[in-house]
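What's in work.txt: compact mmCIF, C-alpha atoms
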```txt
# COMPACT_ATOMS: atom_id res chain seq x y z
CA MET A 1 -223.42 -0.20 147.52
CA ASP A 2 -221.77 3.22 147.69
CA ARG A 3 -224.23 6.05 148.29
CA SER A 4 -222.78 7.98 145.32
CA TYR A 5 -223.73 5.10 143.00
CA ILE A 6 -227.31 5.13 144.32
CA LEU A 7 -227.53 8.89 143.82
CA GLY A 8 -226.12 8.46 140.33
CA TYR A 9 -228.76 5.89 139.46
CA MET A 10 -231.50 8.13 140.82
CA MET A 11 -230.23 11.08 138.79
CA PHE A 12 -230.15 8.90 135.69
CA LEU A 13 -233.73 7.76 136.29
CA GLN A 14 -234.92 11.30 136.97
CA LYS A 15 -233.60 12.35 133.59
CA ASN A 16 -234.33 9.31 131.45
CA LEU A 17 -237.20 7.30 133.00
CA TRP A 18 -239.95 8.64 130.76
CA PRO A 19 -237.92 8.80 127.51
CA ILE A 20 -237.07 5.12 128.11
CA PHE A 21 -240.78 4.42 128.69
CA VAL A 22 -241.95 5.97 125.41
CA PHE A 23 -239.19 4.12 123.53
CA LEU A 24 -240.05 0.73 125.03
CA TYR A 25 -243.83 1.02 125.29
CA PRO A 26 -244.89 0.19 121.69
CA LEU A 27 -242.34 -2.65 121.49
CA VAL A 28 -243.00 -4.59 124.70
CA VAL A 29 -245.03 -7.82 124.51
CA LEU A 30 -245.17 -11.04 126.50
CA PRO A 31 -243.60 -14.09 124.83
CA TRP A 32 -246.07 -15.82 122.53
CA THR A 33 -245.73 -19.08 124.43
CA LEU A 34 -246.52 -17.39 127.76
CA MET A 35 -249.79 -15.70 126.82
CA PRO A 36 -250.70 -15.85 123.12
CA GLY A 37 -252.68 -13.24 121.23
CA ARG A 38 -253.88 -9.73 121.94
CA PRO A 39 -254.59 -10.15 125.68
CA GLY A 40 -250.90 -10.91 126.19
CA VAL A 41 -249.92 -7.67 124.50
CA VAL A 42 -252.37 -5.63 126.59
CA LEU A 43 -251.18 -7.31 129.79
CA ALA A 44 -247.57 -6.54 128.87
CA LYS A 45 -248.44 -2.86 128.49
CA MET A 46 -250.17 -2.92 131.88
CA LEU A 47 -247.18 -4.53 133.59
CA LEU A 48 -244.76 -2.07 132.00
CA THR A 49 -246.99 0.85 133.00
CA GLY A 50 -247.23 -0.42 136.57
CA LEU A 51 -243.43 -0.73 136.84
CA PHE A 52 -242.82 2.79 135.55
CA LEU A 53 -245.60 4.21 137.73
CA PHE A 54 -243.85 2.72 140.75
CA LEU A 55 -240.45 4.09 139.68
CA GLY A 56 -241.98 7.48 138.87
CA ILE A 57 -243.56 7.73 142.32
CA LEU A 58 -240.24 6.83 143.96
CA ILE A 59 -238.49 9.54 141.96
CA GLU A 60 -241.03 12.19 142.92
CA MET A 61 -240.85 11.13 146.59
CA GLN A 62 -237.06 11.48 146.46
CA ALA A 63 -237.37 14.85 144.71
CA HIS A 64 -239.82 16.14 147.34
CA PRO A 65 -238.46 14.75 150.64
CA HIS A 66 -240.36 17.29 152.76
CA ALA A 67 -243.79 16.37 151.37
CA HIS A 68 -246.21 14.65 153.77
CA LEU A 69 -249.66 13.10 153.55
CA ARG A 70 -251.08 15.97 155.57
CA ASP A 71 -250.22 18.24 152.64
CA LEU A 72 -253.25 16.73 150.89
CA LEU A 73 -255.38 18.95 153.11
CA HIS A 74 -254.09 21.91 151.12
CA LEU A 75 -254.85 20.23 147.77
CA PRO A 76 -258.06 22.24 147.00
CA LYS A 77 -256.16 25.50 147.45
CA HIS A 78 -253.33 24.22 145.25
CA LEU A 79 -255.68 23.05 142.47
CA ARG A 80 -257.06 26.58 142.05
CA LYS A 81 -253.57 27.62 140.95
CA ASP A 82 -252.66 24.45 139.04
CA LEU A 83 -255.11 23.93 136.18
CA PRO A 84 -253.38 20.86 134.60
CA THR A 85 -253.44 18.89 137.87
CA ALA A 86 -257.06 19.92 138.47
CA LEU A 87 -258.07 18.71 134.98
CA LEU A 88 -256.30 15.36 135.37
CA LEU A 89 -257.80 14.71 138.81
CA ALA A 90 -261.25 15.75 137.60
CA LEU A 91 -260.99 13.30 134.70
CA ALA A 92 -259.88 10.53 137.09
CA LEU A 93 -262.92 11.28 139.28
CA VAL A 94 -265.26 11.08 136.27
CA MET A 95 -263.68 7.75 135.25
CA GLY A 96 -264.37 6.41 138.73
CA LEU A 97 -267.98 7.61 138.73
CA SER A 98 -268.56 6.20 135.23
CA SER A 99 -267.39 2.79 136.41
CA ALA A 100 -269.33 2.92 139.68
CA PHE A 101 -272.62 3.74 137.93
CA SER A 102 -272.02 1.48 134.92
CA PRO A 103 -274.56 -1.25 134.12
CA GLU A 104 -271.58 -3.65 134.29
CA PRO A 105 -269.35 -2.25 137.06
CA ILE A 106 -267.03 -5.30 137.20
CA VAL A 107 -266.35 -5.09 133.46
CA ALA A 108 -265.84 -1.33 133.75
CA LEU A 109 -263.36 -1.94 136.55
CA THR A 110 -261.25 -4.63 134.91
CA GLY A 111 -261.78 -3.92 131.20
CA SER A 112 -263.21 -5.45 128.04
CA LEU A 113 -264.31 -9.10 128.14
CA SER A 114 -262.12 -9.80 125.11
CA ASP A 115 -258.75 -8.21 125.92
CA PHE A 116 -258.87 -6.32 129.29
CA SER A 117 -258.56 -2.92 127.59
CA ASP A 118 -260.30 0.30 128.73
CA GLY A 119 -260.87 -0.79 132.32
CA LEU A 120 -260.80 1.70 135.18
CA PHE A 121 -257.49 0.39 136.55
CA PHE A 122 -255.72 0.92 133.24
CA SER A 123 -257.37 4.29 132.59
CA LEU A 124 -256.39 5.61 136.03
CA ALA A 125 -252.84 4.37 135.41
CA MET A 126 -252.77 6.47 132.22
CA VAL A 127 -253.87 9.57 134.14
CA GLY A 128 -251.26 8.77 136.78
CA ILE A 129 -248.56 8.54 134.12
CA ALA A 130 -249.59 11.94 132.72
CA LEU A 131 -249.53 13.50 136.20
CA LEU A 132 -246.06 12.11 137.04
CA VAL A 133 -244.64 13.28 133.70
CA TYR A 134 -246.19 16.70 134.27
CA LEU A 135 -244.54 16.96 137.70
CA ARG A 136 -241.17 15.83 136.37
CA ALA A 137 -241.29 18.17 133.36
CA GLN A 138 -241.97 21.08 135.72
CA LYS A 139 -238.47 20.49 137.11
CA ASP A 140 -236.80 19.42 133.86
CA SER A 141 -237.46 21.82 130.99
CA ASP A 142 -235.58 19.61 128.48
CA LEU A 143 -237.76 16.53 129.14
CA PRO A 144 -240.26 17.23 126.28
CA ARG A 145 -237.43 17.23 123.73
CA ARG A 146 -236.02 13.95 125.05
CA LEU A 147 -239.49 12.42 125.01
CA ALA A 148 -239.82 13.41 121.36
CA LEU A 149 -236.51 11.70 120.60
CA GLY A 150 -237.67 8.58 122.46
CA VAL A 151 -240.86 8.44 120.36
CA LEU A 152 -238.82 8.86 117.20
CA LEU A 153 -236.37 6.08 118.10
CA GLY A 154 -239.14 3.65 119.11
CA GLY A 155 -241.02 4.43 115.92
CA ALA A 156 -237.87 3.80 113.87
CA VAL A 157 -237.61 0.31 115.37
CA LEU A 158 -241.27 -0.31 114.47
CA VAL A 159 -240.60 0.78 110.87
CA ALA A 160 -237.58 -1.53 110.64
CA LEU A 161 -239.61 -4.46 111.97
CA SER A 162 -242.46 -3.60 109.57
CA ILE A 163 -240.10 -3.68 106.60
CA GLY A 164 -238.80 -7.04 107.82
CA GLU A 165 -242.33 -8.44 108.05
CA VAL A 166 -243.22 -7.34 104.53
CA VAL A 167 -239.98 -8.62 103.00
CA LEU A 168 -240.04 -11.96 104.83
CA GLY A 169 -243.81 -12.43 104.56
CA ARG A 170 -244.20 -13.30 108.25
CA SER A 171 -244.95 -11.36 111.43
CA VAL A 172 -242.54 -10.99 114.34
CA PHE A 173 -245.12 -11.56 117.07
CA TYR A 174 -248.53 -12.54 115.70
CA PRO A 175 -247.68 -15.78 113.85
CA THR A 176 -251.21 -16.20 112.50
CA ALA A 177 -251.21 -12.88 110.61
CA PRO A 178 -251.66 -13.55 106.86
CA GLN A 179 -249.28 -11.95 104.39
CA TRP A 180 -251.86 -9.52 103.04
CA ALA A 181 -252.43 -8.18 106.58
CA LEU A 182 -248.76 -7.34 107.18
CA PRO A 183 -247.18 -5.37 108.74
CA VAL A 184 -248.59 -5.52 112.26
CA VAL A 185 -245.49 -5.94 114.52
CA THR A 186 -246.89 -5.62 118.09
CA PHE A 187 -250.22 -4.03 117.06
CA PRO A 188 -253.52 -5.87 116.45
CA SER A 189 -253.76 -4.64 112.85
CA LYS A 190 -251.79 -2.62 110.35
CA GLY A 191 -254.42 0.12 110.58
CA HIS A 192 -253.59 0.73 114.24
CA LEU A 193 -249.89 0.53 113.44
CA ALA A 194 -250.43 3.31 110.88
CA GLY A 195 -251.81 5.48 113.67
CA TYR A 196 -248.58 5.21 115.61
CA PHE A 197 -246.64 6.21 112.50
CA THR A 198 -248.75 9.38 112.24
CA LEU A 199 -247.80 10.23 115.83
CA MET A 200 -244.17 9.64 114.89
CA ALA A 201 -244.53 11.88 111.82
CA GLY A 202 -245.88 14.78 113.87
CA VAL A 203 -243.02 14.50 116.35
CA ALA A 204 -240.48 14.27 113.50
CA LEU A 205 -241.90 17.42 111.88
CA GLY A 206 -241.58 19.31 115.16
CA LEU A 207 -237.97 18.14 115.54
CA ARG A 208 -237.23 19.15 111.91
CA SER A 209 -235.99 15.60 111.34
CA SER A 210 -236.02 14.81 107.62
CA PHE A 211 -235.04 11.19 108.20
CA GLY A 212 -237.74 10.82 110.86
CA LEU A 213 -240.34 12.17 108.42
CA TYR A 214 -239.13 9.77 105.75
CA LEU A 215 -239.26 6.75 108.09
CA SER A 216 -242.73 7.59 109.40
CA ALA A 217 -244.02 8.03 105.83
CA VAL A 218 -242.47 4.66 104.89
CA GLY A 219 -244.47 3.13 107.75
CA VAL A 220 -247.71 4.75 106.54
CA GLY A 221 -246.96 3.56 103.00
CA LEU A 222 -246.45 0.01 104.25
CA THR A 223 -249.80 0.06 106.04
CA PHE A 224 -251.77 1.53 103.12
CA ASN A 225 -254.09 3.50 105.42
CA ARG A 226 -256.24 6.45 104.33
CA ALA A 227 -256.77 8.00 107.78
CA ALA A 228 -253.00 8.10 108.22
CA LEU A 229 -252.63 9.76 104.80
CA LEU A 230 -255.11 12.41 105.94
CA ALA A 231 -253.00 13.05 109.05
CA LEU A 232 -249.84 13.41 106.93
CA ALA A 233 -251.67 15.84 104.63
CA VAL A 234 -252.61 17.98 107.65
CA LEU A 235 -248.95 18.02 108.74
CA ALA A 236 -247.86 19.05 105.24
CA LEU A 237 -250.37 21.93 105.23
CA LEU A 238 -249.10 23.05 108.64
CA ALA A 239 -245.55 23.03 107.28
CA PHE A 240 -246.58 25.29 104.39
CA TRP A 241 -248.33 27.62 106.84
CA ARG A 242 -245.90 27.81 109.75
CA ALA A 243 -242.55 26.71 108.29
CA PRO A 244 -242.61 27.70 104.60
CA ARG A 245 -238.82 27.52 104.31
CA HIS A 246 -238.93 23.83 105.21
CA SER A 247 -242.23 22.96 103.55
CA LEU A 248 -240.86 21.67 100.24
CA ARG A 249 -238.38 19.45 102.06
CA VAL A 250 -241.17 18.17 104.32
CA VAL A 251 -243.44 17.31 101.38
CA PHE A 252 -240.56 15.72 99.47
CA MET A 253 -239.61 13.44 102.39
CA LEU A 254 -243.23 12.49 103.03
CA VAL A 255 -243.92 11.65 99.38
CA LEU A 256 -240.63 9.79 99.01
CA GLY A 257 -241.37 7.77 102.14
CA LEU A 258 -244.92 6.95 101.04
CA LEU A 259 -243.75 5.82 97.61
CA SER A 260 -241.01 3.72 99.19
CA GLY A 261 -243.44 1.99 101.57
CA MET A 262 -246.12 1.42 98.94
CA GLY A 263 -243.48 0.15 96.53
CA MET A 264 -242.35 -2.47 99.05
CA ILE A 265 -245.96 -3.61 99.47
CA ARG A 266 -246.47 -3.83 95.70
CA LEU A 267 -243.32 -5.91 95.31
CA ALA A 268 -244.26 -8.25 98.17
CA PRO A 269 -245.66 -11.68 97.10
CA ALA A 270 -249.19 -11.00 98.37
CA GLY A 271 -249.41 -7.38 97.24
CA ALA A 272 -251.64 -4.80 98.91
CA GLU A 273 -254.71 -5.76 100.87
CA ARG A 274 -257.05 -3.32 99.13
CA SER A 275 -257.14 -0.20 97.02
CA LEU A 276 -257.01 3.17 98.72
CA THR A 277 -260.10 4.14 96.73
CA ASP A 278 -262.24 1.29 98.12
CA PRO A 279 -265.22 3.02 99.87
CA GLY A 280 -266.41 -0.07 101.74
CA THR A 281 -264.85 0.62 105.13
CA PHE A 282 -266.20 4.19 105.20
CA PHE A 283 -269.80 3.01 104.84
CA THR A 284 -269.41 0.37 107.55
CA ARG A 285 -268.14 3.12 109.84
CA LEU A 286 -271.52 4.80 109.49
CA TYR A 287 -273.04 1.84 111.36
CA TYR A 288 -270.37 2.11 114.08
CA TRP A 289 -271.09 5.83 114.45
CA LYS A 290 -274.87 5.33 114.53
CA ALA A 291 -274.63 2.71 117.28
CA ALA A 292 -272.18 4.87 119.23
CA LEU A 293 -274.38 7.96 119.02
CA GLY A 294 -277.32 5.89 120.22
CA GLY A 295 -275.26 4.65 123.16
CA ILE A 296 -274.17 8.18 124.07
CA ALA A 297 -277.77 9.41 123.91
CA ALA A 298 -278.83 6.56 126.23
CA ARG A 299 -276.20 7.40 128.89
CA PRO A 300 -275.02 10.94 128.11
CA LEU A 301 -273.66 12.16 131.44
CA LEU A 302 -271.19 9.50 132.62
CA GLY A 303 -271.26 6.96 129.80
CA TRP A 304 -271.09 3.18 130.09
CA GLY A 305 -267.67 2.63 131.65
CA GLY A 306 -264.71 1.13 129.84
CA GLY A 307 -265.39 -1.99 127.75
CA VAL A 308 -269.09 -2.18 128.68
CA PHE A 309 -270.60 -0.97 125.42
CA ASP A 310 -269.11 -4.09 123.77
CA ILE A 311 -272.05 -5.94 125.32
CA TYR A 312 -274.90 -3.55 124.48
CA TRP A 313 -274.13 -2.08 121.05
CA PRO A 314 -276.57 -4.30 119.01
CA ASN A 315 -279.45 -2.66 120.88
CA PHE A 316 -278.82 0.58 118.98
CA LEU A 317 -279.15 -0.77 115.43
CA THR A 318 -282.26 -2.20 113.79
CA ILE A 319 -282.35 -5.83 112.62
CA GLU A 320 -281.99 -4.69 109.01
CA GLN A 321 -279.03 -2.47 109.88
CA LEU A 322 -277.36 -5.24 111.87
CA GLU A 323 -277.82 -7.69 109.01
CA HIS A 324 -276.29 -5.33 106.45
CA PHE A 325 -273.53 -4.37 108.89
CA ILE A 326 -272.56 -8.01 109.48
CA GLN A 327 -272.61 -8.74 105.78
CA SER A 328 -270.38 -5.80 104.84
CA GLU A 329 -268.02 -5.70 107.84
CA TRP A 330 -267.26 -9.40 108.30
CA GLY A 331 -267.90 -10.72 104.81
CA TYR A 332 -271.01 -12.82 105.44
CA LYS A 333 -272.60 -11.86 102.14
CA ASP A 334 -276.30 -12.61 101.67
CA ASN A 335 -276.56 -14.47 105.00
CA GLU A 336 -279.83 -13.72 106.78
CA LEU A 337 -279.78 -12.62 110.42
CA VAL A 338 -282.38 -14.70 112.25
CA GLY A 339 -281.40 -14.35 115.92
CA ILE A 340 -279.41 -12.28 118.44
CA ASN A 341 -278.18 -13.25 121.88
CA SER A 342 -277.18 -10.01 123.62
CA GLN A 343 -277.51 -10.10 127.39
CA SER A 344 -275.80 -8.77 130.48
CA GLY A 345 -272.29 -10.06 131.11
CA THR A 346 -271.75 -11.71 127.72
CA LEU A 347 -270.53 -10.60 124.32
CA PRO A 348 -273.23 -10.57 121.61
CA THR A 349 -273.75 -13.63 119.39
CA PHE A 350 -275.62 -13.62 116.07
CA LEU A 351 -277.39 -16.55 114.41
CA LEU A 352 -277.12 -16.39 110.62
CA LYS A 353 -278.93 -18.49 108.04
CA LYS A 354 -276.59 -19.42 105.22
CA ALA A 355 -277.43 -18.21 101.75
CA LYS A 356 -276.03 -21.45 100.35
CA PRO A 357 -276.55 -24.24 102.92
CA ASP A 358 -274.01 -27.06 103.12
CA LYS A 359 -276.40 -29.93 102.39
CA SER A 360 -273.70 -32.57 102.62
CA ARG A 361 -273.12 -31.65 106.29
CA GLY A 362 -276.68 -30.58 107.04
CA LYS A 363 -275.57 -27.18 108.37
CA ASP A 364 -277.90 -24.37 107.37
CA PHE A 365 -276.91 -21.92 110.12
CA LEU A 366 -273.80 -20.43 111.64
CA LEU A 367 -273.02 -18.55 114.85
CA LEU A 368 -271.02 -15.32 114.82
CA ARG A 369 -269.66 -14.01 118.12
CA VAL A 370 -268.43 -10.41 118.01
CA ILE A 371 -265.67 -10.00 120.58
CA GLY A 372 -265.66 -6.21 120.76
CA PHE A 373 -267.16 -2.97 119.53
CA ARG A 374 -265.33 0.27 118.78
CA ALA A 375 -266.94 3.46 117.50
CA HIS A 376 -264.09 4.08 115.01
CA ASN A 377 -263.90 7.66 116.19
CA GLY A 378 -261.70 8.48 119.15
CA PHE A 379 -263.96 11.20 120.52
CA LEU A 380 -267.09 9.04 120.34
CA GLU A 381 -265.13 6.33 122.16
CA VAL A 382 -264.29 8.69 125.02
CA ALA A 383 -267.94 9.77 125.28
CA LEU A 384 -269.09 6.13 125.36
CA LYS A 385 -266.66 5.27 128.16
CA TRP A 386 -266.82 8.38 130.35
CA GLY A 387 -269.83 10.33 129.07
CA LEU A 388 -270.01 13.85 127.76
CA VAL A 389 -268.49 15.12 131.01
CA GLY A 390 -265.42 12.96 130.43
CA LEU A 391 -265.28 13.96 126.76
CA GLY A 392 -265.39 17.64 127.73
CA LEU A 393 -262.48 17.22 130.15
CA TYR A 394 -260.48 15.18 127.64
CA PHE A 395 -261.11 17.78 124.95
CA ILE A 396 -259.93 20.59 127.26
CA LEU A 397 -256.76 18.61 128.04
CA LEU A 398 -256.15 18.07 124.34
CA LEU A 399 -256.70 21.72 123.42
CA THR A 400 -254.49 22.77 126.33
CA ASN A 401 -251.75 20.60 124.83
CA ILE A 402 -252.15 21.53 121.18
CA THR A 403 -253.42 25.06 120.62
CA PRO A 404 -250.83 27.16 122.49
CA ARG A 405 -247.90 25.37 120.86
CA LEU A 406 -249.19 24.47 117.43
CA LEU A 407 -248.07 27.76 115.89
CA GLU A 408 -244.57 27.10 117.26
CA MET A 409 -244.51 23.66 115.58
CA GLU A 410 -243.65 22.05 118.92
CA PRO A 411 -242.99 18.27 118.49
CA LEU A 412 -245.35 16.93 121.17
CA ALA A 413 -248.22 19.17 120.05
CA LEU A 414 -247.79 18.07 116.43
CA GLY A 415 -247.63 14.42 117.47
CA LEU A 416 -250.87 14.69 119.44
CA LEU A 417 -252.56 16.62 116.65
CA SER A 418 -251.62 14.12 113.95
CA ILE A 419 -252.78 11.05 115.85
CA HIS A 420 -256.06 12.73 116.81
CA VAL A 421 -256.69 13.55 113.15
CA PHE A 422 -256.19 9.81 112.62
CA PHE A 423 -258.66 9.15 115.47
CA LEU A 424 -261.42 10.82 113.48
CA PHE A 425 -261.75 7.41 111.79
CA TRP A 426 -259.96 5.14 114.30
CA PHE A 427 -259.57 5.00 118.08
CA ALA A 428 -256.96 4.77 120.82
CA ILE A 429 -255.84 1.32 121.99
CA PRO A 430 -253.52 0.21 124.83
CA GLU A 431 -250.67 -0.34 122.35
CA GLU A 432 -250.31 3.44 121.95
CA GLU A 433 -252.18 5.00 124.89
CA GLY A 434 -249.18 4.99 127.22
CA VAL A 435 -247.18 7.16 124.85
CA ILE A 436 -250.14 9.49 124.20
CA TRP A 437 -250.66 10.15 127.91
CA VAL A 438 -246.93 10.77 128.47
CA LEU A 439 -247.02 13.39 125.71
CA MET A 440 -250.16 14.85 127.31
CA GLY A 441 -248.41 15.23 130.65
CA ALA A 442 -245.32 16.83 129.15
CA GLY A 443 -247.45 19.19 127.07
CA LEU A 444 -249.32 20.31 130.18
CA SER A 445 -246.02 21.30 131.73
CA LEU A 446 -245.28 23.57 128.76
CA PHE A 447 -248.73 25.12 129.15
CA ALA A 448 -248.16 25.73 132.86
CA ARG A 449 -244.73 27.24 132.22
CA ARG A 450 -246.14 29.64 129.63
CA ARG A 451 -249.05 30.54 131.93
CA ASN A 452 -246.71 31.39 134.79
```
Rewrite the coordinates I just gave you, this time as structure tokens.
Amino acid sequence: MDRSYILGYMMFLQKNLWPIFVFLYPLVVLPWTLMPGRPGVVLAKMLLTGLFLFLGILIEMQAHPHAHLRDLLHLPKHLRKDLPTALLLALALVMGLSSAFSPEPIVALTGSLSDFSDGLFFSLAMVGIALLVYLRAQKDSDLPRRLALGVLLGGAVLVALSIGEVVLGRSVFYPTAPQWALPVVTFPSKGHLAGYFTLMAGVALGLRSSFGLYLSAVGVGLTFNRAALLALAVLALLAFWRAPRHSLRVVFMLVLGLLSGMGMIRLAPAGAERSLTDPGTFFTRLYYWKAALGGIAARPLLGWGGGVFDIYWPNFLTIEQLEHFIQSEWGYKDNELVGINSQSGTLPTFLLKKAKPDKSRGKDFLLLRVIGFRAHNGFLEVALKWGLVGLGLYFILLLTNITPRLLEMEPLALGLLSIHVFFLFWFAIPEEEGVIWVLMGAGLSLFARRRN
């Protein structure tokens, strides 16, 4: 192959590798027949991340041909001048220590027993992605804008697929999803899908894209999610504060999109899953938060490691609280909790005595196995995985991304802000983490440029 063609391909990848990544990332899954269910989706994200990490490293090696391994000896001196790189490497170190000192180091290394998420390998890959994007954006000042466009285009495809699911009454990937739970597309639930639409809305606001705002609001309307509505309300208030000339247009497009999405749900055969005024899920979150706070207090410095608290969370609620939690969260009304099997290396199992025994079959009891635990607050999740040290570093990275550029209504800062407002009641999952860490890396480059 002609050398000019190779150079042309490398130039194309230098410019477009990470915009392509953020466009593809929320859409990529393994074929259902190859690996069915959520683990297949998580594995697909890991494989995609690994491929782009490899390509990103090749690009940076080509862009810095005079760099050598011996240059690592000068790394401490360099880190004193490069705060973003120092923060990312410090967080990676804390992740490693959290896993090494975890009560379940193998689980912390490979990830949750149910779907491989949150493991050290995946978490370090996310930090690596952020670092590579940061390095590339240092050389390419237009990369943040192209990343924003990539997020917007990928989100538009998700909205189109969501509309198709609602209209057709069937999911595109999860064939077992009932009609009332649609849309889900490539996400485990429509609640998590709503979170991605809030990220899309923040980016669209920063780009001053009326159509992008409308589409993201349609997605939130289709998912009927209150945390996402809160995030959109925060974006609307920011528009009134920082862009008053555009604020009425912003509110109009958001309201029009929400009404359009909710209208589609109302017209669908199964209707909406629940009313927005239903307080049930908020009260169950109190149990999640109580267990999470107990877990953080038990291991405050370095946390439990990724996926490990899934095993131990019942230890931080009383029997009465667990019984009420199970009844309200999973619908086992009036069933009495009579036994718990929660031991090292296994997911917890609960023995419930039926309120109305099936005498014809002689079954008075049932077993409930809970495959995972999430704090339903993104910041509590970080503290559970990596301790308060990890949470402090993550919070500094987030503030470094958001606060300097929020007043300028910069797209990546608004996207990160909106999804972290959503994370006050939800949490990050592999289906969106790759995009979040790319935006983190690009935002750090803007911080470094302003600082210099």
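For the choices A:Leu232, A:Leu393, A:Leu152, A:Val421, the atom-to-atom distance to Ala92 (chain A) is smallest for A:Leu393 when using only C-alpha atoms.
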**Request:** Pick out the residues sitting within 8 Å of Val127 (chain A), and hand them over as a list in words; count all atoms listed in the file, and ignore anything fewer than 5 positions along from it in its own chain.
**Result:**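 Near Val127 (chain A), the qualifying residues are Leu88, Leu89, Ala92 and Trp437 of chain A.
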**Request:** Quick one: everything within 12 Å of Leu351 (chain A), counting all atoms listed in the file, minus sequence neighbours fewer than 6 positions away in the same chain. Send it as an NGL selection string.
**Result:** :A and (319 or 322-323 or 326 or 332 or 335-342 or 364-370)
**Prompt:** What is the CA of Pro19 (chain A) to CA of Arg249 (chain A) distance in Å?
**Reply:** 27.6 Å
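Residues in contact with His324 (chain A) at 12 Å, where all atoms listed in the file are counted and same-chain residues fewer than 4 positions away are skipped, are listed as A:Phe283, A:Thr284, A:Leu286, A:Tyr287, A:Leu317, A:Thr318, A:Ile319, A:Glu320, A:Ser328, A:Glu329, A:Trp330, A:Gly331, A:Tyr332, A:Lys333, A:Asp334, A:Asn335, A:Glu336, A:Leu337, A:Leu352.
Near Ser418 (chain A), within 10 Å and counting only C-alpha atoms, sit Gly195, Tyr196, Phe197, Thr198, Leu199, Met200, Ala201, Gly202, Val203, Ala228, Leu230, Ala231, Leu232, Ala233, Val234, Leu235, Leu412, Ala413, Leu414, Phe422 and Phe423 of chain A, not including residues fewer than 4 positions from it in the same chain.
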Just-selected residues, C-alpha atoms written as a compact mmCIF listing (two decimals), in the frame of the given file:
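Result file is again_7.txt:
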```txt
# COMPACT_ATOMS: atom_id res chain seq x y z
CA GLY A 195 -251.81 5.48 113.67
CA TYR A 196 -248.58 5.21 115.61
CA PHE A 197 -246.64 6.21 112.50
CA THR A 198 -248.75 9.38 112.24
CA LEU A 199 -247.80 10.23 115.83
CA MET A 200 -244.17 9.64 114.89
CA ALA A 201 -244.53 11.88 111.82
CA GLY A 202 -245.88 14.78 113.87
CA VAL A 203 -243.02 14.50 116.35
CA ALA A 228 -253.00 8.10 108.22
CA LEU A 230 -255.11 12.41 105.94
CA ALA A 231 -253.00 13.05 109.05
CA LEU A 232 -249.84 13.41 106.93
CA ALA A 233 -251.67 15.84 104.63
CA VAL A 234 -252.61 17.98 107.65
CA LEU A 235 -248.95 18.02 108.74
CA LEU A 412 -245.35 16.93 121.17
CA ALA A 413 -248.22 19.17 120.05
CA LEU A 414 -247.79 18.07 116.43
CA PHE A 422 -256.19 9.81 112.62
CA PHE A 423 -258.66 9.15 115.47
```
**Message:** Could you list, as number ranges by chain, every residue within 9 Å of Val184 (chain A), counting only C-alpha atoms and ignoring same-chain residues fewer than 2 positions away?
**Reply:** A: 162, 165, 171-174, 177, 181-182, 186-193, 223
**Fill in**
In Å and to one decimal, CA of Pro31 (chain A) is distant from CA of Ala44 (chain A) by 9.4 Å
**Request:** Give me, please, the distance in Å between CA of Ala236 (chain A) and CA of Ile436 (chain A), quoted to one decimal.
**Result:** 21.4 Å
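With all atoms listed in the file as the atoms that count, the residue of A:Leu380, A:Gly305, A:Leu446, A:Phe12 with the shortest distance to Val94 (chain A) is A:Gly305.
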**Complete:** The residue from A:Gly257, A:Gly128, A:Pro144, A:Gly37 with the smallest atom-to-atom distance to Trp18 (chain A), counting only C-alpha atoms, is A:Pro144
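Nearest residue to Ala137 (chain A) among A:Val435, A:Pro430, A:Asn16, A:Pro300 is A:Asn16, counting only C-alpha atoms.
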**Message:** Considering only C-alpha atoms, can you say which of A:Leu222, A:Ile429, A:Ala448, A:Leu238 comes closest to Thr400 (chain A)?
**Reply:**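 Ranking A:Leu222, A:Ile429, A:Ala448, A:Leu238 by distance to Thr400 (chain A), first place goes to A:Ala448.
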